[in-house]
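These notes concern the structure reproduced below.
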Protein chains: 2
Amino acid sequence: MIVNDILNIINSAQKIYISTHIMPDGDCIGSSLALYIALKRVGKNVKVILDDEIPLHYRFLPYYEEIISPDICENDSPDLFITLDNNDIERLGRSKNIFFKAPNSLCIDHHPLGKVMFSKFNYVDTNASATAEIVYVIIKSLSVEIDKDIANCLLTAIIADTGGFKFDNVTPYTLNISADLLASGADIKKINEIIFDKMSIEKVKLLSKVLSTLSVIENGKIGYIYLNKAMLEDCGASVSDSEGFINYVKNIDSVEIAVMFRIEDNGVRVSLRSKDFVDVNKIANKFGGGGHKKASGCFIDNNFDAVKNVILDECRRSLWLEWHSECIQT
Amino acid sequence: MIVNDILNIINSAQKIYISTHIMPDGDCIGSSLALYIALKRVGKNVKVILDDEIPLHYRFLPYYEEIISPDICENDSPDLFITLDNNDIERLGRSKNIFFKAPNSLCIDHHPLGKVMFSKFNYVDTNASATAEIVYVIIKSLSVEIDKDIANCLLTAIIADTGGFKFDNVTPYTLNISADLLASGADIKKINEIIFDKMSIEKVKLLSKVLSTLSVIENGKIGYIYLNKAMLEDCGASVSDSEGFINYVKNIDSVEIAVMFRIEDNGVRVSLRSKDFVDVNKIANKFGGGGHKKASGCFIDNNFDAVKNVILDECRRSLWLEWHSECIQT
């Protein structure tokens, strides 16, 4: 499937609904809004539906307030349903019901195809740093001018999915597209400030408290922190404020495995990160969790001390096993 | 002066010394090393001299160990002395003595020209995000291939001077050059990790302690933290570990003025940052300090309570004065 095929599919539809995954991030929101603006511009009857809240910090994006809940249009049947940045139909949430009523469906994504190809047409480019890179090409092919609004949506998406051009998914193409978006009026400074720098006072207080629990073992190769309800209450913070705290541990020079324990009423939620060679997905798998090689998590219904002991034991084991296999390989 | 003139100046010299400012940063080191590699490649007898230490985190750059102190070559007289990223001859440190012995000198910079044009030739482009952008053009014009080493030096320089593509000095050209450097083998992930993410365990502990001192006043518009010797000792940290802590305060949603007090034996060092409209340079000036509109500092030889009171009073005054003038203007 090439971009021309996508244009044909779009051209043959008038009523087009766009949706994306629940727990939305910068890429899926930015890509959806950019495509929404472009399709409206070429005269389509278009809606973005999303079965979740837009996170507060993405509410600076143009037209975010026109994103609607699937409840509002549950009886609609669009000609074409486009899903962006999503390889799992269940992650459409209740938008799924409308998806099934569309005679044509198109999945545009940069994640590997899921177990089930749920869309009729699929355009997947796993080399794209963000779905926004693919949407950029489609908008260009539609001959829609990339104006300031579209540029801000797409650059937000790319910056969010590349950690601000920091991850190794950034390609020369990513930067060339971003150059064009900047030239079209995107505000790179503002986008970065909003996504990465902005903090609430509660979050800063919580960061101080959580980092004060830092311990390292195994010559500094394993580092861990914890968070409990009392800390949240003391700071007036919510659990989502602790997002990203584990990176402070991972970024310590000596650390290979970083762990954050979140102590809840009925057990402990464990987040795991590795820097270079340990596969923390394997560790999480042993406790019924999962994720990726360098970022995973699990939940264990036991008390903090017990959970800490089993997790740190498993971390030690992985560290030395993989350390040795690393030494043998190199 | 155009790039061709620079090529003529370089072509007419055989022994070329490159130097840059003391307290070196990523741009000046990366630019110097990139030009060093390129000039060696075209057969020049070239040295980089620097009257300061290379910060530890830039010691991953290729050929950094070939940078020499001006002591080692104080009797040399090069045909051409190139200063990079520096508009003030005093900031050459002791390299100045060698500078004066060169019949030709060339200043390549992106800062506005200083009070005195100390070089015979000057190529200044204040639109460049980093001096590295200008060096990139020169290397291309010399027909030297941008290999992995040069690419890593130049991309490090650009990333350092743009805060990782976050500041408003980033232009489409910056991103297009960076795309080319990435295609030439620069490691964008590693560079970012080394410059921005790496932390010592002592720094993480100190961050926790210093952020625990956070207070806000004036409806959250002024935020301040402090650091004393006991904290440094408790964490085994040094003063330089506290670099950047003030940004956590500045990044709080409500904050317009952020202050960090560093309590020393004979007084208090005050750092000031503003987010949008307050000119903190004016505040620092009142106490014999200085800086820029949005980042300044001063030293007051009094006890912490006294310093805190006068500084916060001045912050309140500036906040409301400039707030009102802002309201009148807009």
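By order in the structure tokens, chains are A, B, ...; within a chain, residues start at 1; ligands start at 1, following the order shown.
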Note to self: Just want the 12 Å neighbourhood of Gly236 of chain B, counted on only C-alpha atoms, with same-chain residues fewer than 4 positions away dropped. Output as a PyMOL selection string.
What the structure shows: chain B and resi 200-206+229-232+240-241
Could you write out the selected residues, including N, CA, C and O atoms, as a short mmCIF file (atom, residue, chain, number, x, y, z; two decimals), in the first residue's frame?
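Output file part-v5.cif follows:
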data_model
loop_
_atom_site.label_atom_id
_atom_site.label_comp_id
_atom_site.auth_asym_id
_atom_site.auth_seq_id
_atom_site.Cartn_x
_atom_site.Cartn_y
_atom_site.Cartn_z
N SER B 200 24.98 12.27 38.90
CA SER B 200 25.65 11.47 39.92
C SER B 200 24.64 11.19 41.02
O SER B 200 23.65 11.92 41.17
N ILE B 201 24.89 10.17 41.80
CA ILE B 201 23.99 9.86 42.92
C ILE B 201 23.99 11.02 43.92
O ILE B 201 22.96 11.36 44.50
N GLU B 202 25.14 11.69 44.06
CA GLU B 202 25.23 12.83 44.98
C GLU B 202 24.31 13.95 44.51
O GLU B 202 23.67 14.62 45.32
N LYS B 203 24.25 14.15 43.20
CA LYS B 203 23.41 15.22 42.67
C LYS B 203 21.93 14.92 42.91
O LYS B 203 21.17 15.82 43.27
N VAL B 204 21.53 13.66 42.71
CA VAL B 204 20.13 13.30 42.94
C VAL B 204 19.76 13.53 44.41
O VAL B 204 18.70 14.07 44.73
N LYS B 205 20.67 13.15 45.32
CA LYS B 205 20.40 13.35 46.75
C LYS B 205 20.30 14.83 47.08
O LYS B 205 19.43 15.26 47.84
N LEU B 206 21.21 15.62 46.50
CA LEU B 206 21.21 17.06 46.76
C LEU B 206 19.93 17.70 46.20
O LEU B 206 19.32 18.56 46.84
N LYS B 229 25.91 24.62 53.32
CA LYS B 229 27.06 23.71 53.33
C LYS B 229 26.72 22.35 53.92
O LYS B 229 27.25 21.32 53.49
N ALA B 230 25.82 22.35 54.92
CA ALA B 230 25.46 21.08 55.56
C ALA B 230 24.84 20.12 54.53
O ALA B 230 25.11 18.91 54.54
N MET B 231 24.03 20.67 53.63
CA MET B 231 23.40 19.83 52.60
C MET B 231 24.46 19.21 51.70
O MET B 231 24.40 18.03 51.35
N LEU B 232 25.42 20.04 51.30
CA LEU B 232 26.49 19.54 50.43
C LEU B 232 27.25 18.41 51.13
O LEU B 232 27.52 17.36 50.54
N SER B 240 28.85 22.61 42.21
CA SER B 240 28.50 22.51 40.79
C SER B 240 27.36 21.51 40.57
O SER B 240 26.67 21.56 39.55
N ASP B 241 27.14 20.60 41.53
CA ASP B 241 26.02 19.66 41.41
C ASP B 241 24.67 20.38 41.45
O ASP B 241 23.66 19.83 41.02
#
So that each row is one residue of chain A with an atom at most 6 Å from chain B, can you give its shortest atom pair and the distance in Å to one decimal, using only C-alpha atoms, rows by chain and rising number, as CSV?
residue,atom,partner,partner_atom,distance
A:Lys166,CA,B:Lys189,CA,5.2
A:Phe167,CA,B:Lys189,CA,5.2
A:Asp168,CA,B:Lys189,CA,5.4
A:Pro172,CA,B:Ala179,CA,4.1
A:Leu175,CA,B:Ala179,CA,5.2
A:Asn176,CA,B:Asn176,CA,5.4
A:Ala179,CA,B:Pro172,CA,4.1
A:Leu182,CA,B:Pro172,CA,5.8
A:Ala183,CA,B:Pro172,CA,5.8
A:Lys189,CA,B:Lys166,CA,5.2
A:Asn192,CA,B:Lys166,CA,5.9
A:Asp197,CA,B:Asn251,CA,5.7
A:Lys198,CA,B:Asn251,CA,5.1
A:Met199,CA,B:Ile252,CA,4.7
A:Ser200,CA,B:Ile252,CA,5.2
A:Ile201,CA,B:Ile252,CA,5.8
A:Ser208,CA,B:Ser208,CA,4.2
A:Leu211,CA,B:Ser208,CA,5.5
A:Ser212,CA,B:Ser208,CA,5.6
A:Asn251,CA,B:Lys198,CA,5.1
A:Ile252,CA,B:Met199,CA,4.7
A:Asp253,CA,B:Ser200,CA,5.8
Could those selected residues go to a file with C-alpha atoms, as a PDB file, in the first residue's frame?
ATOM      1  CA  LYS A 166      16.379  12.525  22.264  1.00  0.00           C
ATOM      2  CA  PHE A 167      15.478   8.928  21.447  1.00  0.00           C
ATOM      3  CA  ASP A 168      17.156   6.734  18.866  1.00  0.00           C
ATOM      4  CA  PRO A 172      17.373  12.581   9.419  1.00  0.00           C
ATOM      5  CA  LEU A 175      14.562  16.419  11.595  1.00  0.00           C
ATOM      6  CA  ASN A 176      13.923  17.528   8.016  1.00  0.00           C
ATOM      7  CA  ALA A 179      12.508  21.902   9.992  1.00  0.00           C
ATOM      8  CA  LEU A 182       9.177  25.105  12.179  1.00  0.00           C
ATOM      9  CA  ALA A 183       9.325  27.104   8.944  1.00  0.00           C
ATOM     10  CA  LYS A 189      10.093  26.469  22.415  1.00  0.00           C
ATOM     11  CA  ASN A 192       8.912  21.783  24.622  1.00  0.00           C
ATOM     12  CA  ASP A 197       9.266  21.518  31.593  1.00  0.00           C
ATOM     13  CA  LYS A 198       5.969  22.533  33.123  1.00  0.00           C
ATOM     14  CA  MET A 199       5.561  21.275  36.668  1.00  0.00           C
ATOM     15  CA  SER A 200       3.005  21.838  39.367  1.00  0.00           C
ATOM     16  CA  ILE A 201       4.225  22.851  42.800  1.00  0.00           C
ATOM     17  CA  SER A 208      11.777  15.925  46.571  1.00  0.00           C
ATOM     18  CA  LEU A 211      14.006  11.097  45.651  1.00  0.00           C
ATOM     19  CA  SER A 212      14.784  11.231  49.379  1.00  0.00           C
ATOM     20  CA  ASN A 251      20.067   8.544  34.775  1.00  0.00           C
ATOM     21  CA  ILE A 252      22.508   7.991  37.651  1.00  0.00           C
ATOM     22  CA  ASP A 253      25.890   7.199  36.041  1.00  0.00           C
TER      23      ASP A 253
END
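Restricting the calculation to only C-alpha atoms, the smallest distance between Lys140 of chain A and any of A:Leu35, A:Met260, A:Val278, A:Ile246 is found for A:Leu35.
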Checklist line | helix (DSSP H, G or I) positions in segment 87-326 of chain B, given as an NGL selection string | finding: :B and (89-99 or 131-141 or 148-161 or 172-183 or 188-197 or 201-211 or 229-235 or 239-242 or 245-250 or 280-286 or 304-326)
Checklist line | Minimum-distance residue to Ser325 of chain A, chosen among A:His111, A:Ala38, A:Asp305, A:Phe277 (using only C-alpha atoms) | finding: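 Going through A:His111, A:Ala38, A:Asp305, A:Phe277 one by one, the smallest distance to Ser325 of chain A is for A:Phe277.
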Note to self: Using only C-alpha atoms, which protein or nucleic acid residues come within 10 Å of segment 286-295 of chain B? Drop anything in the same chain fewer than 2 positions from it, and give the result as JSON, numbers by chain.
What the structure shows: {"B": [257, 258, 269, 270, 271, 272, 273, 274, 275, 276, 277, 278, 279, 280, 281, 282, 283, 284, 297, 298, 299, 300, 310, 311, 314]}
Note to self: Residues of segment 30-201 of chain A classed as strand (DSSP E) by DSSP on the backbone are to be reported as a ChimeraX atom specification.
What the structure shows: /A:45-49,80-84,104-109,121-124
Check: Expressed in Å to a single decimal, how great is the separation between atom CA of Asn86 of chain A and atom CA of Ile146 of chain A?
Finding: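 Answer for the atom CA of Asn86 of chain A to atom CA of Ile146 of chain A separation: 23.9 Å.
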Notebook entry, point to check: For Tyr17 of chain B, which of B:Leu142, B:Ile217, B:Leu154, B:Ile68 is the closest residue, counting only C-alpha atoms?
Noted result: B:Ile68
Next item on the list: Go through A:Asn266, A:Ser32, A:Asn309, A:Asn87 one by one, measure the shortest atom-to-atom distance of each to Glu66 of chain A using only C-alpha atoms, and give the residue with the smallest value.
Entry: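 Residue with the minimum atom-to-atom distance to Glu66 of chain A: A:Ser32.
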Item checked: Who sits within 8 Å of segment 113-118 of chain B, only C-alpha atoms, same chain under 3 positions skipped, as number ranges by chain -> B: 87-89, 122, 124
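With atom CA of Asn97 of chain A on one side and atom CA of Tyr123 of chain A on the other, the separation reads 21.8 Å.
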Notebook entry, point to check: Pick the closest to Phe261 of chain B from B:Leu312, B:Ile6, B:Ala237, B:Cys73: which is it, counting only C-alpha atoms?
Noted result: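 Among B:Leu312, B:Ile6, B:Ala237, B:Cys73, it is B:Leu312 that comes nearest to Phe261 of chain B.
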Checklist line | Spatial neighbours of Asp161 of chain A, max dist 10 Å, only C-alpha atoms, sep filter under 6 positions, as a list in words | finding: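 What passes the distance filter is Asp25, Gly26, Asp27, Cys28, Ser129, Ala130, Thr131, Ala132, Leu155, Phe167, Asn169 and Val170 of chain A.
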Next item on the list: Please measure the separation of atom CA of Tyr224 of chain B and atom CA of Tyr226 of chain A, giving the value in Å to one decimal.
Entry: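 Taking atom CA of Tyr224 of chain B and atom CA of Tyr226 of chain A, their separation equals 26.1 Å.
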Notebook entry, point to check: Of the candidates B:Ala160, B:Ile22, B:Ile134, B:Leu321, which one gets nearest to Tyr58 of chain B if we count only C-alpha atoms?
Noted result: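 Among the listed residues, B:Ala160 lies closest to Tyr58 of chain B.
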